[in-house]
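**Student:** Before I ask anything, here is the structure I am working with.
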2 protein chains.
Amino acid sequence: MGDAVKAVEGWVNNSKVLGRIAFLEVIDDLSLGVLTVVVKRSEVGPETWELVKKIKIGSAVRVEGVEPPEVVSRKGRELHALRVEVLAEPEEPLPVDVTGKTPAGLETRLEYRYVSLRLPAYRAIFVARARLARYTREYFEEKGFLEVHTPKLVGAGAEGGATLFRVDYFGGTAYLSQSPQLYKQMLMCGVPRVFEITPYFRAEKFDTPRHLNESWGVDAEMGFIRSHHDVMDILEGYVRHVSQRLDEEMGDELRRLGFRPLGKLGNIPRVTYREAIGIVEERGHRVEGEGGDLDTRAERILGEYMAEQGYDAYFIVDYPWEAKPFYIMREENGLSRSFDLDIRGTEIASGGQREHRRSVLYSNLVEKGLDPSSFKFYLEAFKYGMPPHGGFGLGFDRLLMKLLGLDNIREVVLFPRDRFHLVP
Amino acid sequence: MGDAVKAVEGWVNNSKVLGRIAFLEVIDDLSLGVLTVVVKRSEVGPETWELVKKIKIGSAVRVEGVEPPEVVSRKGRELHALRVEVLAEPEEPLPVDVTGKTPAGLETRLEYRYVSLRLPAYRAIFVARARLARYTREYFEEKGFLEVHTPKLVGAGAEGGATLFRVDYFGGTAYLSQSPQLYKQMLMCGVPRVFEITPYFRAEKFDTPRHLNESWGVDAEMGFIRSHHDVMDILEGYVRHVSQRLDEEMGDELRRLGFRPLGKLGNIPRVTYREAIGIVEERGHRVEGEGGDLDTRAERILGEYMAEQGYDAYFIVDYPWEAKPFYIMREENGLSRSFDLDIRGTEIASGGQREHRRSVLYSNLVEKGLDPSSFKFYLEAFKYGMPPHGGFGLGFDRLLMKLLGLDNIREVVLFPRDRFHLVP
């Protein structure tokens with residue numbers, strides 16, 4: 001026990017020489033803990049000792065050694081070196097302080113994302129990201145949703161042309177998909193439930209901490225529903241599932257690393273648009289353009305109110321139809337079978353029951369000022385026994401940001417894309 | 001037992017009325033089996049009976065009924081109806097014969113993919129696709145690879161400009177990512193192993209059954225390797241794992257539906273480029289442009305030869321460096337630490353050990369006629385302790401096509417994109 005020679009590889013994040021013993025902090029795997037490599041001159045010999053004494057922070061190393069029967073380091077795992085090999089040395093001092101003593105600014109961390117990932121606190125974000133993707137799939141698979149891949153190069157967008165990126169496509173024009181909306185709906189004519197984790201591309205001139213021009217989303221669509229409440233049941237189950245799984249598997253570690261994670265979500269109440277407006281106005285904010293979407297300030301005020309009631313997450317339901325896209329089902333009273341899901345004042349997801357009757361859908365397009373001839377391929381799918389259906393699109397990056405208690409979406413995307421960032 | 005009332009929803013794929021009993025074939029979930037709904041006039045009453053008698057093929061229905069204690073139908077599941085509700089009727093006869101009697105051509109199935117998915121044989125392809133994605137993730141997660149999302153909008157491509165789609169990006173130009181090559185390599189400066197399932201965009205004028213302009217790939221990259229053989233070990237493990245899982249979970253069903261799946265892959269031999277050329281030339285085909293890639297005919301001949309030796313899959317290793325991209329590590333003898341993985345004469349994956357020494361990488365770029373200033377952000381990552389690393393890119397669609405024994409990549413992509421297909 002503890003005597004077998006083990007090889008580990010990783011980067012030296014810190015080193016300390018005390019007399020004839022050196023301690024190297026090595027980050028070697030996705031465990032988020034640091035491995036302390038203890039190097040004794042007497043055990044490695046003079047040649048390796050000289051190498052270790054002068055080792056540069058940031059070097060890539062391979063270490064062979066044995067695990068001690070009892071771990072002395074307070075930081076966790078430990079290895080007593082028998083052999084140390086430097087595989088690559090930094091040419092220059094690292095642009096991000098990987099010892100964690102001097103925190104780097106966001107711009108530096110974005111430019112040198114690959115270096116900042118050597119710090120457990122930043123690496124943790126992307127470990128959590130991969131977990132969130134895993135929890136997402138396990139939930140939807142268990143609920144009978146088929147994972148699909150819809151095209152990212154498209155001939156028309158669901159929200160109209162102004163916010164689409166244009167692509168030269170063999171002498172013609174294609175667009176980058178804003179979301180799988182039209183495709184996931186068409187699939188409802190042949191598959192009962194689908195989901196996709198996918199990039200969204202939006203050509204808007206965003207300048208906020210919660211928008212990117214390339215972001216990732218979770219799209220789900222389900223057939224044979226009775227109303228948008230069936231969709232909310234699935235979405236509520238989803239965010240509660242992933243918040244619980246993340247809390248179970250990483251909650252303690254995240255708190256140890258200085259995060260303030262959201263933790264496990266409880267029940268998610270459904271507040272009507274009318275009620276939401278009432279709450280916001282009672283707090284002295286008049287919502288501009290009544291009947292439209294909630295503005296950012298209104299969202300924040302509502303978030304504060306709901307937090308006071310003990311709710312981190314809540315639905316806003318039954319928006320006026322005029323505030324919603326053409327494909328949302330309208331009620332006779334002018335409202336719509338729609339919802340948004342907000343977490344602490346930020347919109348995370350949006351969805352509803354879709355209009356599945358082709359003639360009504362056609363007039364909705366006209367009423368919203370869109371040209372039905374651009375949507376011919378989409379309307380076609382509504383001819384062949386399209387069942388009542390609904391779904392949602394959810395901001396994967398935003399959800400992750402909220403779950404981790406972070407306040408800028410750029411923190412959770414490896415190489416974010418906005419007007420000012422196309423490189424690296 | 002068998003008495004509880006159960007509700008199912010789906011589409012009527014066929015119907016038959018025999019006296020006072022009707023049999024509806026309903027496709028209701030992802031199980032790939034057909035549900036036979038038995039409707040007796042005496043049990044449902046005259047009103048529902050009239051509705052069922054005239055039901056249109058392709059209607060979306062909800063049925064409440066009970067499962068019989070013993071199933072009579074040879075086709076599997078059965079439900080005895082108590083209540084039948086038509087949720088949506090086709091306006092026109094279905095463009096694809098969902099009874100399966102008259103097979104539709106590929107173009108029709110692509111145009112009406114959503115309808116063709118009601119046929120178990122076509123639906124099976126996309127159930128297998130979702131499974132393949134799942135098996136892929138379970139393999140790489142188990143091997144310690146971090147799932148990442150790299151950007152699809154980029155400032156430069158790994159293979160040079162000619163084959164990149166151009167995007168208007170806020171008055172400037174961006175490109176669509178051909179592959180995560182540069183980004184996954186940069187990440188090797190901070191994470192030991194990464195993988196991604198991702199769209200690839202290539203602006204080439206393809207016209208073959210195995211190329212698309214938007215395709216899906218599996219990209220993996222691993223640090224701290226000793227040679228490209230470490231990468232091949234992982235890739236071999238991967239394709240053997242997924243072929244085995246698919247065979248276990250869907251093999252019998254696929255054969256029942258008329259597929260000729262590849263089945264479980266055995267050992268994957270490693271043939272050198274030199275040996276491959278020898279085999280091909282012995283069979284009377286002179287490979288054009290010696291030292292370059294194998295042409296399509298050479299690939300096919302080699303595939304036939306390997307099949308005779310009992311191998312469906314095989315590596316071709318140690319290509320001349322001139323046939324490979326700038327980032328592949330060159331050997332002193334002019335060869336390279338590279339490999340392709342072929343299945344039955346079709347290239348499925350390509351990879352190798354990368355050049356991780358910045359100065360060599362720089363001269364490689366120059367030698368290949370590329371402008372190092374376009375790769376500044378990428379070269380930067382090689383300054384800070386970049387370990388030896390390698391990886392591969394694998395055609396997810398191609399692998400699925402081969403595993404299912406299909407011969408056109410368009411069969412396995414919901415809405416394929418090529419010069420002639422941008423819609424639907």
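Within each chain, counting starts at residue 1; across the structure tokens, chains are named A, B, ... in the order shown, with ligands numbered 1 upward in that order.
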I'd like the contact shell of region 266-281 of chain B - 7 Å cut-off, only C-alpha atoms, skipping same-chain residues fewer than 3 positions apart - returned as a PyMOL selection string.
**Tutor:** chain B and resi 236+240+284-286+298+301-302+313-319
**Student:** For those residues, write N, CA and C atoms to a file as a compact mmCIF listing (two decimals), in the first residue's frame.
**Tutor:**
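That gives us selection_37.txt:
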# COMPACT_ATOMS: atom_id res chain seq x y z
N GLU B 236 -8.52 4.17 -30.93
CA GLU B 236 -8.91 2.76 -31.12
C GLU B 236 -9.91 2.35 -30.04
N ARG B 240 -13.86 1.25 -30.85
CA ARG B 240 -14.26 -0.09 -30.41
C ARG B 240 -15.36 -0.01 -29.36
N GLY B 284 -2.14 -3.13 -58.73
CA GLY B 284 -2.21 -2.53 -60.06
C GLY B 284 -2.63 -1.08 -60.12
N HIS B 285 -2.73 -0.40 -58.95
CA HIS B 285 -3.08 1.02 -58.99
C HIS B 285 -1.88 1.87 -58.61
N ARG B 286 -1.47 2.73 -59.51
CA ARG B 286 -0.34 3.62 -59.26
C ARG B 286 -0.88 4.87 -58.57
N ALA B 298 -7.26 4.47 -54.23
CA ALA B 298 -6.27 3.79 -53.39
C ALA B 298 -6.89 3.43 -52.04
N ILE B 301 -9.10 0.36 -52.60
CA ILE B 301 -8.31 -0.87 -52.80
C ILE B 301 -7.75 -1.35 -51.46
N LEU B 302 -7.21 -0.41 -50.68
CA LEU B 302 -6.65 -0.78 -49.38
C LEU B 302 -7.75 -1.35 -48.48
N ALA B 313 -11.59 -1.96 -39.78
CA ALA B 313 -10.99 -0.67 -39.45
C ALA B 313 -9.48 -0.83 -39.35
N TYR B 314 -8.73 0.21 -39.76
CA TYR B 314 -7.26 0.15 -39.71
C TYR B 314 -6.70 1.57 -39.75
N PHE B 315 -5.55 1.71 -39.14
CA PHE B 315 -4.83 2.98 -39.18
C PHE B 315 -3.84 2.97 -40.34
N ILE B 316 -3.66 4.13 -40.96
CA ILE B 316 -2.53 4.33 -41.86
C ILE B 316 -1.64 5.35 -41.16
N VAL B 317 -0.41 4.97 -40.87
CA VAL B 317 0.44 5.82 -40.01
C VAL B 317 1.68 6.30 -40.75
N ASP B 318 2.30 7.34 -40.17
CA ASP B 318 3.61 7.83 -40.64
C ASP B 318 3.58 8.32 -42.09
N TYR B 319 2.64 9.17 -42.39
CA TYR B 319 2.59 9.81 -43.70
C TYR B 319 3.81 10.72 -43.90
**Student:** Using only C-alpha atoms, I'd like a table of the residues in region 233-259 of chain B that come within 12 Å of region 207-224 of chain B; for each, show the closest atom pair and its distance in Å rounded to one decimal, ordered by chain and ascending number, as CSV.
**Tutor:**
residue,atom,partner,partner_atom,distance
B:Asp233,CA,B:Met222,CA,11.6
B:Ile234,CA,B:Ala220,CA,9.4
B:Leu235,CA,B:Ala220,CA,8.9
B:Tyr238,CA,B:Val218,CA,10.6
B:Val239,CA,B:Val218,CA,11.2
**Student:** Quick one: everything within 10 Å of Arg123 (chain A), counting only C-alpha atoms, minus sequence neighbours fewer than 2 positions away in the same chain. Send it as number ranges by chain.
**Tutor:** A: 30-32, 113-121, 125-129; B: 190-191
**Student:** With C-alpha atoms kept, could you save the residues just selected as a CSV table (one decimal), in the first residue's frame?
**Tutor:**
chain,number,residue,atom,x,y,z
A,30,LEU,CA,-9.5,17.7,-13.4
A,31,SER,CA,-9.9,17.0,-9.7
A,32,LEU,CA,-9.5,20.7,-8.8
A,113,ARG,CA,-7.7,31.6,-20.9
A,114,TYR,CA,-5.5,28.5,-21.4
A,115,VAL,CA,-3.1,29.7,-18.7
A,116,SER,CA,-5.8,30.8,-16.3
A,117,LEU,CA,-7.3,27.3,-16.5
A,118,ARG,CA,-4.3,26.1,-14.4
A,119,LEU,CA,-5.8,27.9,-11.4
A,120,PRO,CA,-8.3,25.6,-9.7
A,121,ALA,CA,-10.8,28.4,-9.2
A,125,ILE,CA,-15.9,26.9,-13.9
A,126,PHE,CA,-15.3,24.7,-16.9
A,127,VAL,CA,-15.5,21.5,-15.0
A,128,ALA,CA,-18.9,22.7,-13.8
A,129,ARG,CA,-19.8,23.6,-17.4
B,190,GLY,CA,-3.8,24.5,-19.3
B,191,VAL,CA,-6.0,21.3,-19.4
**Student:** So how far away is CA of Arg62 (chain A) from CA of Val86 (chain A), in Å?
**Tutor:**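 So the two atoms, CA of Val86 (chain A) and CA of Arg62 (chain A), lie 6.5 Å apart.
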**Student:** If you run DSSP over the backbone, which residues in region 263-330 of chain A end up alpha helix (DSSP H)? Put them as a ChimeraX atom specification.
**Tutor:** /A:273-282,296-308
**Student:** Could you write out the selected residues, including C-alpha atoms, as a PDB file, in the first residue's frame?
**Tutor:**
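Result file follows (selection_24.pdb):
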ATOM      1  CA  TYR A 273     -47.320  39.066 -16.449  1.00  0.00           C
ATOM      2  CA  ARG A 274     -50.146  41.151 -14.927  1.00  0.00           C
ATOM      3  CA  GLU A 275     -49.046  40.293 -11.393  1.00  0.00           C
ATOM      4  CA  ALA A 276     -45.419  41.002 -12.270  1.00  0.00           C
ATOM      5  CA  ILE A 277     -46.306  44.462 -13.598  1.00  0.00           C
ATOM      6  CA  GLY A 278     -48.297  45.082 -10.399  1.00  0.00           C
ATOM      7  CA  ILE A 279     -45.349  44.131  -8.177  1.00  0.00           C
ATOM      8  CA  VAL A 280     -42.932  46.305 -10.129  1.00  0.00           C
ATOM      9  CA  GLU A 281     -45.268  49.308 -10.168  1.00  0.00           C
ATOM     10  CA  GLU A 282     -45.945  49.015  -6.473  1.00  0.00           C
ATOM     11  CA  THR A 296     -34.042  45.349 -17.318  1.00  0.00           C
ATOM     12  CA  ARG A 297     -34.933  47.442 -14.292  1.00  0.00           C
ATOM     13  CA  ALA A 298     -38.348  45.816 -13.968  1.00  0.00           C
ATOM     14  CA  GLU A 299     -36.685  42.397 -14.169  1.00  0.00           C
ATOM     15  CA  ARG A 300     -34.324  43.368 -11.364  1.00  0.00           C
ATOM     16  CA  ILE A 301     -37.075  44.745  -9.112  1.00  0.00           C
ATOM     17  CA  LEU A 302     -39.153  41.616  -9.638  1.00  0.00           C
ATOM     18  CA  GLY A 303     -36.091  39.511  -8.834  1.00  0.00           C
ATOM     19  CA  GLU A 304     -35.603  41.363  -5.538  1.00  0.00           C
ATOM     20  CA  TYR A 305     -39.257  40.944  -4.620  1.00  0.00           C
ATOM     21  CA  MET A 306     -39.208  37.223  -5.389  1.00  0.00           C
ATOM     22  CA  ALA A 307     -35.983  36.754  -3.421  1.00  0.00           C
ATOM     23  CA  GLU A 308     -37.702  38.334  -0.407  1.00  0.00           C
TER      24      GLU A 308
END
